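Participant: What follows is a structure written as structure tokens; I'll ask about it next.
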Amino acid sequence: MPIDFLPVFLMVAVIVALSVFILTLSRLIRPHNPYPEKNRPYECGVDHVGEASAGLFKVQYFVIAILFVVFDVETMFLFPWAVVLQDMGLFGYIEMFVFIVLLLVGFAYAWIKGALEWVS
């Protein structure tokens with residue numbers, strides 16, 4: 001029944017309305033004074049020199065972030081699996097074992113390729 005989802009729809013509507021209100025209010029009260037120094041690209045204390053394709057932006061930040069997200073999602077799948085493990089039996093155990101092995105293969109690949117090395 002659609003009426004069963006009314007609290008969810010109301011919560012989504014309140015969140016969207018609050019987000020639009022906060023963004024609109026902040027746009028109205030913030031100072032707006034762009035100048036060239038303020039609009040320069042900036043990353044982690046490194047001054048911008050040349051183009052991004054020349055290697056100013058370090059990829060290591062993004063690789064570590066992506067690996068963190070992958071293993072965070074893995075953890076998100078492990079908790080519900082652990083709750084229903086007894087109900088799933090051997091099939092559920094083997095399925096999660098294959099999942100973890102695939103993630104470990106990806107982790108080993110990233111490690112072998114040097115994605116986890118922090119070179120400055």
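Chain labels run A, B, ... following the order of the structure tokens; each chain numbers its residues from 1, and ligands are numbered from 1 in the order shown.
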So that I can check the surroundings of Glu74 (chain A), please list as number ranges by chain every protein, DNA and RNA residue that reaches within 9 Å of it, counting only C-alpha atoms and ignoring chain neighbours fewer than 6 positions away.

Facilitator: A: 99-100, 103

Participant: Let me see the file: selected residues, C-alpha atoms, as an mmCIF file, in the first residue's frame.

Facilitator:
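Output contents, as saved in again-v3.cif:
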```
data_model
loop_
_atom_site.group_PDB
_atom_site.id
_atom_site.type_symbol
_atom_site.label_atom_id
_atom_site.label_comp_id
_atom_site.auth_asym_id
_atom_site.auth_seq_id
_atom_site.Cartn_x
_atom_site.Cartn_y
_atom_site.Cartn_z
ATOM 1 C CA PHE A 99 33.130 -12.576 -2.200
ATOM 2 C CA ILE A 100 35.985 -12.037 0.252
ATOM 3 C CA LEU A 103 38.087 -8.589 -2.808
#
```

Participant: Between A:Val101, A:Met96, A:Val14, A:Val63, which has the minimum distance to Phe77 (chain A) (counting only C-alpha atoms)?

Facilitator: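 The closest residue to Phe77 (chain A) is A:Met96.
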
Participant: Could you pull out all residues of chain A with a DSSP call of alpha helix (DSSP H) and give them as a ChimeraX atom specification?

Facilitator: /A:6-29,60-83,85-112

Participant: Closest to Ala110 (chain A) among A:Gln60, A:Leu25, A:His32, A:Asp87, using only C-alpha atoms?

Facilitator: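 Result for the nearest residue to Ala110 (chain A): A:Gln60.
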
Participant: With distances taken over only C-alpha atoms, which of A:Phe97, A:Tyr35, A:Phe91, A:Tyr61 is nearest to Leu78 (chain A)?

Facilitator: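 Nearest to Leu78 (chain A): A:Phe97.
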